[in-house]
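See below for entry-v9.pdb, which holds PDB, C-alpha atoms.
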MODEL        1
ATOM      1  CA  GLN C   1      17.170   0.855  -5.847
ATOM      2  CA  VAL C   2      13.497   1.193  -6.750
ATOM      3  CA  GLN C   3      11.637   4.463  -7.119
ATOM      4  CA  LEU C   4       7.994   4.407  -6.024
ATOM      5  CA  VAL C   5       5.165   6.833  -6.722
ATOM      6  CA  GLU C   6       1.739   6.467  -5.105
ATOM      7  CA  SER C   7      -1.507   7.877  -6.462
ATOM      8  CA  GLY C   8      -5.229   7.560  -5.888
ATOM      9  CA  GLY C   9      -5.682   9.053  -2.448
ATOM     10  CA  GLY C  10      -8.383  11.562  -1.634
ATOM     11  CA  LEU C  11     -11.401  12.399   0.459
ATOM     12  CA  VAL C  12     -14.242   9.900   0.667
ATOM     13  CA  GLN C  13     -17.277   9.379   2.876
ATOM     14  CA  ALA C  14     -17.472   6.444   5.241
ATOM     15  CA  GLY C  15     -18.606   3.348   3.379
ATOM     16  CA  GLY C  16     -17.006   4.503   0.162
ATOM     17  CA  SER C  17     -14.114   3.095  -1.844
ATOM     18  CA  LEU C  18     -10.735   4.201  -3.127
ATOM     19  CA  ARG C  19      -8.088   2.480  -5.201
ATOM     20  CA  LEU C  20      -4.459   3.341  -4.563
ATOM     21  CA  SER C  21      -1.743   2.683  -7.134
ATOM     22  CA  CYS C  22       1.993   2.368  -6.712
ATOM     23  CA  ALA C  23       4.208   2.707  -9.771
ATOM     24  CA  ALA C  24       7.695   1.258  -9.456
ATOM     25  CA  SER C  25      10.722   2.052 -11.619
ATOM     26  CA  GLY C  26      14.404   1.264 -11.465
ATOM     27  CA  ARG C  27      15.616  -2.176 -10.400
ATOM     28  CA  THR C  28      12.139  -3.689 -10.264
ATOM     29  CA  ALA C  29      13.367  -7.159 -11.213
ATOM     30  CA  GLY C  30      14.739  -7.474  -7.705
ATOM     31  CA  ILE C  31      11.445  -6.838  -5.931
ATOM     32  CA  ARG C  32      10.677  -9.653  -3.490
ATOM     33  CA  GLY C  33       7.844  -8.096  -1.518
ATOM     34  CA  MET C  34       5.282  -5.389  -2.196
ATOM     35  CA  TYR C  35       3.680  -3.647   0.748
ATOM     36  CA  TRP C  36       1.212  -0.960   1.701
ATOM     37  CA  TYR C  37       1.660   0.885   4.990
ATOM     38  CA  ARG C  38      -0.291   3.707   6.552
ATOM     39  CA  GLN C  39       0.336   6.289   9.217
ATOM     40  CA  ALA C  40      -2.497   7.994  11.037
ATOM     41  CA  PRO C  41      -1.942  11.343  12.784
ATOM     42  CA  GLY C  42      -0.086  10.821  16.048
ATOM     43  CA  LYS C  43       0.388   7.096  15.434
ATOM     44  CA  GLN C  44       3.177   4.855  14.244
ATOM     45  CA  ARG C  45       3.350   3.642  10.692
ATOM     46  CA  GLU C  46       1.693   0.223  10.356
ATOM     47  CA  MET C  47       1.649  -2.411   7.672
ATOM     48  CA  VAL C  48      -1.728  -2.730   5.965
ATOM     49  CA  ALA C  49      -1.167  -5.320   3.239
ATOM     50  CA  ARG C  50       1.645  -7.285   1.705
ATOM     51  CA  LEU C  51       2.232  -9.444  -1.332
ATOM     52  CA  ALA C  52       5.401 -11.522  -1.530
ATOM     53  CA  THR C  53       6.839 -13.053  -4.677
ATOM     54  CA  GLY C  54       5.510 -16.585  -4.899
ATOM     55  CA  GLY C  55       3.250 -16.060  -1.925
ATOM     56  CA  GLY C  56      -0.253 -14.952  -1.180
ATOM     57  CA  ALA C  57      -1.566 -11.713   0.189
ATOM     58  CA  ASP C  58      -1.707 -10.885   3.865
ATOM     59  CA  TYR C  59      -3.508  -8.099   5.721
ATOM     60  CA  THR C  60      -3.631  -6.518   9.107
ATOM     61  CA  ASP C  61      -6.753  -7.546  11.012
ATOM     62  CA  ALA C  62      -8.277  -4.059  10.843
ATOM     63  CA  VAL C  63      -8.626  -4.189   7.046
ATOM     64  CA  ARG C  64      -8.992  -7.886   6.270
ATOM     65  CA  GLY C  65     -12.103  -8.457   4.184
ATOM     66  CA  ARG C  66     -12.300  -4.788   3.122
ATOM     67  CA  PHE C  67      -8.949  -4.158   1.398
ATOM     68  CA  ALA C  68      -7.284  -6.112  -1.403
ATOM     69  CA  ILE C  69      -3.718  -5.869  -2.682
ATOM     70  CA  SER C  70      -2.917  -6.851  -6.258
ATOM     71  CA  THR C  71      -0.206  -6.424  -8.854
ATOM     72  CA  ASN C  72       0.149  -6.334 -12.616
ATOM     73  CA  LYS C  73       1.899  -9.059 -14.615
ATOM     74  CA  ALA C  74       5.161  -7.174 -14.800
ATOM     75  CA  ARG C  75       5.088  -6.711 -11.021
ATOM     76  CA  ASN C  76       6.077  -3.074 -11.400
ATOM     77  CA  ARG C  77       2.756  -1.637 -10.315
ATOM     78  CA  TRP C  78       0.608  -2.650  -7.390
ATOM     79  CA  TYR C  79      -2.705  -1.571  -6.075
ATOM     80  CA  LEU C  80      -4.716  -1.358  -2.901
ATOM     81  CA  GLN C  81      -8.468  -1.589  -3.404
ATOM     82  CA  MET C  82     -10.121  -0.172  -0.298
ATOM     83  CA  ASP C  83     -13.832  -0.787   0.224
ATOM     84  CA  SER C  84     -16.201  -0.057   3.106
ATOM     85  CA  LEU C  85     -13.867   2.671   4.287
ATOM     86  CA  LYS C  86     -14.083   3.876   7.874
ATOM     87  CA  PRO C  87     -12.926   7.130   9.483
ATOM     88  CA  GLU C  88     -10.198   5.171  11.266
ATOM     89  CA  ASP C  89      -8.700   4.327   7.857
ATOM     90  CA  THR C  90      -7.657   7.963   7.545
ATOM     91  CA  GLY C  91      -3.932   8.494   7.159
ATOM     92  CA  VAL C  92      -1.038   8.749   4.764
ATOM     93  CA  TYR C  93      -0.619   5.565   2.750
ATOM     94  CA  TYR C  94       2.826   4.506   1.585
ATOM     95  CA  CYS C  95       3.902   1.790  -0.778
ATOM     96  CA  ASN C  96       7.047  -0.100   0.070
ATOM     97  CA  ALA C  97       9.232  -2.452  -1.962
ATOM     98  CA  VAL C  98      11.636  -4.936  -0.452
ATOM     99  CA  THR C  99      14.268  -5.956  -2.969
ATOM    100  CA  ASN C 100      17.436  -8.008  -2.979
ATOM    101  CA  TRP C 101      19.368  -4.805  -2.272
ATOM    102  CA  SER C 102      17.130  -2.239  -0.617
ATOM    103  CA  ASN C 103      13.964  -1.311   1.202
ATOM    104  CA  ASP C 104      12.370   1.551  -0.710
ATOM    105  CA  TRP C 105       9.455   3.875   0.036
ATOM    106  CA  GLY C 106       7.180   6.171  -1.880
ATOM    107  CA  GLN C 107       6.320   9.692  -0.774
ATOM    108  CA  GLY C 108       2.837   8.752   0.432
ATOM    109  CA  THR C 109      -0.705   9.653  -0.539
ATOM    110  CA  GLN C 110      -3.321  11.078   1.821
ATOM    111  CA  VAL C 111      -6.554   9.186   2.430
ATOM    112  CA  THR C 112      -9.251  10.959   4.424
ATOM    113  CA  VAL C 113     -12.503   9.236   5.339
ATOM    114  CA  SER C 114     -15.252  11.481   6.660
ATOM    115  CA  SER C 115     -18.000  10.233   8.955
TER     116      SER C 115
ENDMDL
END
Structure encoded using structure tokens:
Amino acid sequence: QVQLVESGGGLVQAGGSLRLSCAASGRTAGIRGMYWYRQAPGKQREMVARLATGGGADYTDAVRGRFAISTNKARNRWYLQMDSLKPEDTGVYYCNAVTNWSNDWGQGTQVTVSS
């Protein structure tokens, strides 16, 4: 199992930027996919960005061109750079790790974008 802790959320004006971090510990050698999800009030959780081992990054249409997912060399920390933020980006952001043995989640970090 992998333990995940997000950080970097906060309140920002529309057009601003935030950088989220996800720190992974535990059985990180088994991580095969690194993901960011978000959940807006009253809505279902949706995938925002993903980065698979040996593969490129992929994004949901709503954030493509504004958000960028990246990882460190050890692949035990990943990031979500969020630029040109919009009020509709508001929500709780979760990092997710898919491993050989589990599908693990962090506790989430709140992102609020004011208009």
Computed interatomic separation between atom CA of C:Lys43 and atom CA of C:Gly91 (Å): 9.4 Å
Could you name the residues that touch C:Ala49 at 12 Å or less, counting only C-alpha atoms, but leaving out those on the same chain fewer than 2 positions away, as an MDAnalysis selection string? chainID C and resid 33:38 46:47 51:52 56:70 78:82 93:97
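Our summary of the geometry notes that atom CA of C:Gly26 is positioned 9.0 Å from atom CA of C:Leu4.
Atom CA of C:Leu18 to atom CA of C:Thr99 spans 27.0 Å [interatomic distance, one decimal].
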Among the residues C:Ser21, C:Ser102, C:Thr90, C:Gln44, the one that comes closest to C:Ser115 [using all atoms listed in the file]: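 Among the listed residues, C:Thr90 lies closest to C:Ser115.
Each of C:Leu20, C:Val2, C:Ala14, C:Ala29 was compared to C:Asp89 using all atoms listed in the file, and C:Ala14 turns out to be the nearest.
When only C-alpha atoms are used to measure the gap to C:Val111, the shortest distance among C:Gly30, C:Pro87, C:Gly15, C:Gly54 belongs to C:Pro87.
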Could you tell me, as a VMD selection string, which residues have any atom at most 8 Å from (16.8, 1.1, -8.1), counting all atoms listed in the file? chain C and resid 1 to 3 25 to 28
Nearest to C:Gly9 by atom-to-atom distance, counting all atoms listed in the file, from C:Gln39, C:Ser84, C:Gln110, C:Asn76: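 Smallest separation from C:Gly9 among the options: C:Gln110.
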Between C:Gly42, C:Gln13, C:Trp105, C:Thr112, which residue has the minimum interatomic distance to C:Val92, considering all atoms listed in the file? C:Thr112
Here is a test: counting all atoms listed in the file, which residue of C:Ser17, C:Ser114, C:Thr53, C:Ser7 is nearest to C:Glu88?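 Of all the options, C:Ser114 lies closest to C:Glu88.
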Box dimensions and centre (Å, one decimal) enclosing stretch 23-39 of chain C, axis-aligned, 4 Å extra per side, as JSON:
{"center_x": 7.7, "center_y": -1.7, "center_z": -1.2, "size_x": 23.9, "size_y": 23.9, "size_z": 28.8}
